[in-house]
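Below is protein03.tsv, holding TSV, C-alpha atoms.
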```
chain	number	residue	atom	x	y	z
T	1	MET	CA	-36.28	49.10	-32.40
T	2	THR	CA	-35.88	51.15	-29.24
T	3	GLY	CA	-34.93	49.82	-25.83
T	4	SER	CA	-37.09	47.76	-23.52
T	5	VAL	CA	-39.60	49.06	-20.99
T	6	PHE	CA	-39.30	47.93	-17.38
T	7	LEU	CA	-42.44	47.69	-15.25
T	8	SER	CA	-42.33	47.80	-11.46
T	9	ALA	CA	-45.80	47.54	-9.95
T	10	SER	CA	-47.80	45.96	-7.16
T	11	ILE	CA	-50.98	46.41	-5.18
T	12	PRO	CA	-50.09	47.10	-1.52
T	13	ASP	CA	-51.17	44.46	0.97
T	14	PRO	CA	-52.79	46.18	3.97
T	15	ARG	CA	-51.51	43.44	6.29
T	16	ARG	CA	-47.88	43.77	5.18
T	17	SER	CA	-47.78	47.45	4.46
T	18	PRO	CA	-50.72	49.46	5.84
T	19	LYS	CA	-48.86	52.73	5.23
T	20	TYR	CA	-48.83	52.22	1.47
T	21	ALA	CA	-52.24	50.54	1.35
T	22	GLN	CA	-53.81	53.71	2.77
T	23	THR	CA	-52.67	55.86	-0.15
T	24	ALA	CA	-52.86	53.28	-2.93
T	25	ASP	CA	-55.63	53.50	-5.50
T	26	THR	CA	-56.25	49.89	-6.49
T	27	VAL	CA	-58.43	50.82	-9.45
T	28	ALA	CA	-55.79	53.24	-10.74
T	29	ILE	CA	-53.01	50.65	-10.32
T	30	THR	CA	-54.99	48.05	-12.25
T	31	SER	CA	-55.91	50.55	-14.96
T	32	ALA	CA	-52.35	51.83	-15.32
T	33	VAL	CA	-50.82	48.35	-15.64
T	34	SER	CA	-53.45	47.31	-18.17
T	35	ALA	CA	-53.00	50.52	-20.16
T	36	LEU	CA	-49.22	50.16	-20.27
T	37	VAL	CA	-49.47	46.64	-21.67
T	38	HIS	CA	-52.11	47.77	-24.16
T	39	VAL	CA	-49.88	50.59	-25.43
T	40	ILE	CA	-46.58	48.75	-25.72
T	41	LEU	CA	-47.33	45.09	-26.50
T	42	GLY	CA	-46.18	44.39	-30.05
T	43	ARG	CA	-44.39	47.74	-30.11
T	44	ARG	CA	-41.85	47.59	-27.28
T	45	HIS	CA	-40.32	44.77	-25.24
T	46	LEU	CA	-41.73	44.55	-21.70
T	47	VAL	CA	-39.75	43.25	-18.71
T	48	TRP	CA	-41.09	42.77	-15.17
T	49	GLY	CA	-40.53	40.77	-12.01
T	50	GLY	CA	-43.31	38.30	-11.38
T	51	HIS	CA	-45.96	39.38	-8.90
T	52	PRO	CA	-49.10	37.35	-8.07
T	53	ALA	CA	-51.40	40.33	-8.69
T	54	ILE	CA	-49.64	41.91	-11.67
T	55	THR	CA	-48.79	38.91	-13.87
T	56	PRO	CA	-52.45	37.87	-14.31
T	57	MET	CA	-53.31	41.44	-15.38
T	58	ILE	CA	-50.61	41.37	-18.05
T	59	TRP	CA	-51.80	37.98	-19.25
T	60	ALA	CA	-55.41	39.18	-19.55
T	61	VAL	CA	-54.51	42.19	-21.71
T	62	ALA	CA	-52.14	40.12	-23.83
T	63	GLU	CA	-54.93	37.64	-24.53
T	64	ASP	CA	-57.32	40.41	-25.58
T	65	LEU	CA	-54.83	41.96	-28.00
T	66	GLY	CA	-54.10	38.72	-29.79
T	67	VAL	CA	-50.41	39.61	-30.16
T	68	SER	CA	-47.67	36.96	-29.96
T	69	TYR	CA	-46.94	38.14	-26.46
T	70	GLY	CA	-44.32	35.46	-25.80
T	71	ASP	CA	-42.00	37.30	-28.18
T	72	TRP	CA	-42.62	40.67	-26.56
T	73	VAL	CA	-42.27	40.04	-22.84
T	74	THR	CA	-39.71	38.69	-20.39
T	75	LEU	CA	-40.87	37.71	-16.92
T	76	TYR	CA	-38.35	37.23	-14.11
T	77	GLN	CA	-39.08	35.07	-11.07
T	78	SER	CA	-37.06	34.21	-8.00
T	79	ASN	CA	-37.18	30.53	-7.14
T	80	PHE	CA	-37.56	31.60	-3.52
T	81	PHE	CA	-41.28	32.06	-4.30
T	82	ALA	CA	-41.71	28.85	-6.33
T	83	GLU	CA	-44.68	27.71	-4.26
T	84	GLU	CA	-46.47	31.01	-4.88
T	85	PHE	CA	-46.02	31.35	-8.67
T	86	PRO	CA	-49.31	32.35	-10.34
T	87	GLU	CA	-50.77	29.93	-12.88
T	88	GLU	CA	-50.19	32.52	-15.63
T	89	ASN	CA	-46.42	31.95	-15.40
T	90	LYS	CA	-46.86	28.75	-17.40
T	91	ARG	CA	-48.47	30.68	-20.26
T	92	PHE	CA	-45.61	33.07	-20.96
T	93	GLN	CA	-42.85	31.64	-23.13
T	94	ASN	CA	-40.07	33.84	-21.76
T	95	VAL	CA	-39.78	33.24	-18.04
T	96	LEU	CA	-36.35	33.48	-16.43
T	97	PHE	CA	-36.04	31.78	-13.06
T	98	VAL	CA	-33.27	33.14	-10.83
T	99	ASP	CA	-31.76	30.98	-8.10
T	100	SER	CA	-32.77	31.96	-4.59
T	101	VAL	CA	-30.47	32.81	-1.70
T	102	GLU	CA	-31.07	30.18	0.96
T	103	ASN	CA	-33.37	31.29	3.76
T	104	SER	CA	-33.32	34.95	2.69
T	105	ARG	CA	-36.33	36.57	1.07
T	106	GLU	CA	-34.65	39.96	0.78
T	107	GLU	CA	-31.39	38.66	-0.66
T	108	SER	CA	-33.30	36.46	-3.11
T	109	LEU	CA	-35.28	39.47	-4.30
T	110	ARG	CA	-32.14	41.55	-4.66
T	111	ARG	CA	-30.46	38.82	-6.70
T	112	MET	CA	-33.44	38.60	-9.03
T	113	ARG	CA	-33.64	42.38	-9.41
T	114	GLU	CA	-29.96	42.69	-10.21
T	115	GLU	CA	-30.26	39.95	-12.85
T	116	MET	CA	-33.37	41.55	-14.30
T	117	LEU	CA	-31.99	45.08	-14.51
T	118	ALA	CA	-28.48	44.22	-15.68
T	119	HIS	CA	-29.32	41.98	-18.65
T	120	ASP	CA	-31.23	44.33	-20.90
T	121	LYS	CA	-30.96	47.85	-22.28
T	122	PHE	CA	-33.91	49.84	-21.07
T	123	GLN	CA	-35.41	52.97	-22.57
T	124	THR	CA	-37.83	53.60	-19.70
T	125	GLY	CA	-38.86	52.30	-16.30
T	126	ILE	CA	-42.49	52.73	-15.25
T	127	PHE	CA	-43.29	52.57	-11.51
T	128	ILE	CA	-46.87	52.01	-10.38
T	129	GLY	CA	-48.35	51.78	-6.87
T	130	GLY	CA	-46.32	49.36	-4.82
T	131	MET	CA	-44.77	48.82	-1.41
T	132	GLU	CA	-41.17	49.00	-0.15
T	133	GLY	CA	-39.92	46.86	-3.03
T	134	ILE	CA	-40.87	49.45	-5.62
T	135	VAL	CA	-38.60	51.99	-3.92
T	136	ASP	CA	-35.74	49.47	-3.98
T	137	GLU	CA	-36.34	48.73	-7.67
T	138	PHE	CA	-36.51	52.41	-8.52
T	139	HIS	CA	-33.09	53.17	-7.01
T	140	LEU	CA	-31.52	50.01	-8.42
T	141	PHE	CA	-32.93	50.83	-11.86
T	142	GLN	CA	-31.41	54.30	-11.72
T	143	SER	CA	-28.07	52.81	-10.66
T	144	LEU	CA	-27.88	50.04	-13.27
T	145	GLN	CA	-29.66	51.86	-16.12
T	146	PRO	CA	-28.51	55.50	-15.79
T	147	GLN	CA	-29.35	56.24	-19.43
T	148	ALA	CA	-33.00	55.25	-18.97
T	149	ASN	CA	-35.94	57.40	-17.91
T	150	ALA	CA	-37.45	56.35	-14.54
T	151	ILE	CA	-41.05	57.53	-14.31
T	152	PRO	CA	-43.26	57.13	-11.19
T	153	ILE	CA	-47.00	57.28	-11.88
T	154	PHE	CA	-47.93	59.29	-8.80
T	155	SER	CA	-51.68	59.11	-9.35
T	156	THR	CA	-51.63	55.40	-8.45
T	157	GLY	CA	-50.54	56.14	-4.88
T	158	GLY	CA	-48.67	53.66	-2.70
T	159	ALA	CA	-44.88	53.65	-2.57
T	160	VAL	CA	-44.48	55.75	-5.72
T	161	LEU	CA	-45.41	58.75	-3.60
T	162	ASP	CA	-42.12	58.26	-1.74
T	163	LEU	CA	-40.29	58.78	-5.04
T	164	ALA	CA	-41.51	62.34	-5.51
T	165	ASN	CA	-38.72	63.92	-3.47
T	166	GLY	CA	-35.80	64.45	-5.78
T	167	SER	CA	-37.57	63.04	-8.85
T	168	GLU	CA	-37.11	65.03	-12.02
T	169	HIS	CA	-40.75	64.19	-12.78
T	170	ALA	CA	-42.24	65.43	-9.50
T	171	ALA	CA	-43.56	68.64	-11.10
T	172	ASP	CA	-45.24	66.85	-14.04
T	173	ARG	CA	-48.95	67.39	-13.34
T	174	ASP	CA	-49.95	64.61	-15.75
T	175	LEU	CA	-48.25	62.06	-13.51
T	176	TRP	CA	-50.41	63.23	-10.61
T	177	GLU	CA	-53.69	64.00	-12.36
T	178	GLU	CA	-54.04	62.24	-15.74
T	179	MET	CA	-56.22	59.16	-15.30
T	180	ASP	CA	-56.48	58.31	-18.99
T	181	TYR	CA	-53.49	56.01	-18.78
T	182	VAL	CA	-53.56	54.90	-22.39
T	183	LYS	CA	-53.20	58.52	-23.45
T	184	LEU	CA	-50.53	59.10	-20.80
T	185	PHE	CA	-48.34	56.17	-21.85
T	186	HIS	CA	-48.55	57.04	-25.52
T	187	LYS	CA	-47.18	60.45	-24.54
T	188	LEU	CA	-44.56	59.32	-22.02
T	189	LEU	CA	-43.16	56.56	-24.23
T	190	GLU	CA	-43.48	58.58	-27.44
T	191	ILE	CA	-45.43	55.81	-29.15
T	192	PRO	CA	-47.81	57.16	-31.82
T	193	VAL	CA	-51.33	55.77	-31.68
T	194	SER	CA	-50.89	54.91	-35.36
T	195	GLU	CA	-47.80	52.75	-34.75
T	196	ASN	CA	-48.52	49.19	-35.85
T	197	ARG	CA	-48.02	46.17	-33.65
T	198	GLU	CA	-45.44	44.05	-35.43
T	199	PRO	CA	-43.30	40.95	-34.85
T	200	PRO	CA	-40.12	41.75	-32.89
T	201	SER	CA	-36.67	41.83	-34.41
T	202	LYS	CA	-34.50	38.91	-33.38
T	203	SER	CA	-32.24	41.28	-31.47
T	204	ILE	CA	-34.80	41.87	-28.71
T	205	VAL	CA	-36.24	38.40	-28.31
T	206	SER	CA	-35.23	37.14	-24.88
T	207	PRO	CA	-34.18	33.55	-24.17
T	208	GLY	CA	-36.81	30.94	-23.47
T	209	PRO	CA	-37.61	29.61	-20.00
T	210	LYS	CA	-34.50	28.77	-18.01
T	211	THR	CA	-32.80	29.30	-14.70
T	212	ARG	CA	-30.12	31.92	-14.16
T	213	SER	CA	-27.63	31.33	-11.42
T	214	GLN	CA	-25.21	33.73	-9.80
T	215	ASP	CA	-23.32	31.04	-7.84
```
Structure re-expressed in structure tokens:
Amino acid sequence: MTGSVFLSASIPDPRRSPKYAQTADTVAITSAVSALVHVILGRRHLVWGGHPAITPMIWAVAEDLGVSYGDWVTLYQSNFFAEEFPEENKRFQNVLFVDSVENSREESLRRMREEMLAHDKFQTGIFIGGMEGIVDEFHLFQSLQPQANAIPIFSTGGAVLDLANGSEHAADRDLWEEMDYVKLFHKLLEIPVSENREPPSKSIVSPGPKTRSQD
């Protein structure tokens, strides 16, 4: 079994981040997230940080596929956002809650991201749409997982466009133009269409719901 896949994605909020909302393609972001889950669920382990727009998308695709998704995903959440957790959180078996940093949204997010990116061995990071946080996650992913491939999906717009400068993938036309995301992710992740969806090996099953503390 190969390493896990990290997903960093969000739909820009025009009130919080009008700059990124202007370039974001909401349909493309939704399609790309759904396609990624469709391609890897039951084939690769998926890790992401909970987001109120993204988690329900992942849940919907998981339901359609009928795979034992609880064994194939790990969802991280910062307790700083406890009052905003989407209902779908309760439906995933592997949710890791990370203690918040009192009165600090940014420090709480950083703590969660460091926990999330330091406790797994990743093969690839996929970056879709997003706001400022996706840029932070991209650079932290590169720092903590230097062996992994960090791939921005430029066609989704938003903050991923800021990652083009200096990216080894900036010249890849498929990342800018290919809108058949199922096809794209099969290629990028080197997952044959014929590869069966199977139960995970015990070595990649993440712990059940619990809280991680860095105190």
**For T:Asp25: contacts at 9 Å, only C-alpha atoms, fewer than 6 positions along chain excluded, given as a ChimeraX atom specification** = /T:11,129,155-158
**Message:** What's the separation between atom CA of T:Val98 and atom CA of T:Glu115, in Å to one decimal place?
**Reply:**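 Atom CA of T:Glu115 lies 7.7 Å from atom CA of T:Val98.
Take the candidates T:Gln123, T:Thr23, T:Gln147, T:Ser34 and check each one against T:Asp162 using only C-alpha atoms; the shortest distance goes to T:Thr23.
Using only C-alpha atoms, the smallest distance between any of T:Pro146, T:Gly3, T:Gly130, T:Gly70 and T:Leu163 comes from T:Gly130.
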**Item:** Neighbour list for stretch 186-196 of chain T as a PyMOL selection string, cut-off 9 Å, only C-alpha atoms, skip fewer than 5 positions in-chain
**Value:** chain T and resi 5+36+39-40+42-43+123-124+151+181
Write the residues you've just listed into a file as a compact mmCIF listing (two decimals), in the frame of the given file, and include C-alpha atoms for each of them.
```txt
# COMPACT_ATOMS: atom_id res chain seq x y z
CA VAL T 5 -39.60 49.06 -20.99
CA LEU T 36 -49.22 50.16 -20.27
CA VAL T 39 -49.88 50.59 -25.43
CA ILE T 40 -46.58 48.75 -25.72
CA GLY T 42 -46.18 44.39 -30.05
CA ARG T 43 -44.39 47.74 -30.11
CA GLN T 123 -35.41 52.97 -22.57
CA THR T 124 -37.83 53.60 -19.70
CA ILE T 151 -41.05 57.53 -14.31
CA TYR T 181 -53.49 56.01 -18.78
```
**Request:** Point out the residue among T:Arg16, T:Leu161, T:Val27, T:Glu114 with the least atom-to-atom distance to T:Met179, counting only C-alpha atoms.
**Result:**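 Answer, going by the shortest atom-to-atom distance: T:Val27.
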**Atomic separation - atom CA of T:Lys183 relative to atom CA of T:Glu168, Å** =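 If I compute the distance from atom CA of T:Glu168 to atom CA of T:Lys183, I get 20.8 Å.
Comparing the minimum interatomic distances between T:Gly49 and each of T:Trp176, T:Phe185, T:Tyr69, T:Tyr76, counting only C-alpha atoms, we find that T:Tyr76 sits nearest.
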**Request:** Return the single residue from T:Val182, T:Leu41, T:Leu75, T:Val135 that is closest to T:Glu198, with distances computed using only C-alpha atoms.
**Result:** T:Leu41
**Prompt:** What does the distance from atom CA of T:Ser143 to atom CA of T:Ala159 come to in Å, to one decimal?
**Reply:**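 Separating atom CA of T:Ser143 from atom CA of T:Ala159 is a distance of 18.7 Å.
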**Prompt:** Of the candidates T:Glu102, T:Leu184, T:Met112, T:Gln22, which one gets nearest to T:His38 if we count only C-alpha atoms?
**Reply:** T:Leu184
**Message:** Please list as a VMD selection string every residue within 12 Å of T:Ala150, counting all atoms listed in the file and excluding residues in the same chain fewer than 6 positions away.
**Reply:** chain T and resid 5 to 8 122 to 128 134 to 135 137 to 144 160 163 to 164 167 to 170 188 to 189
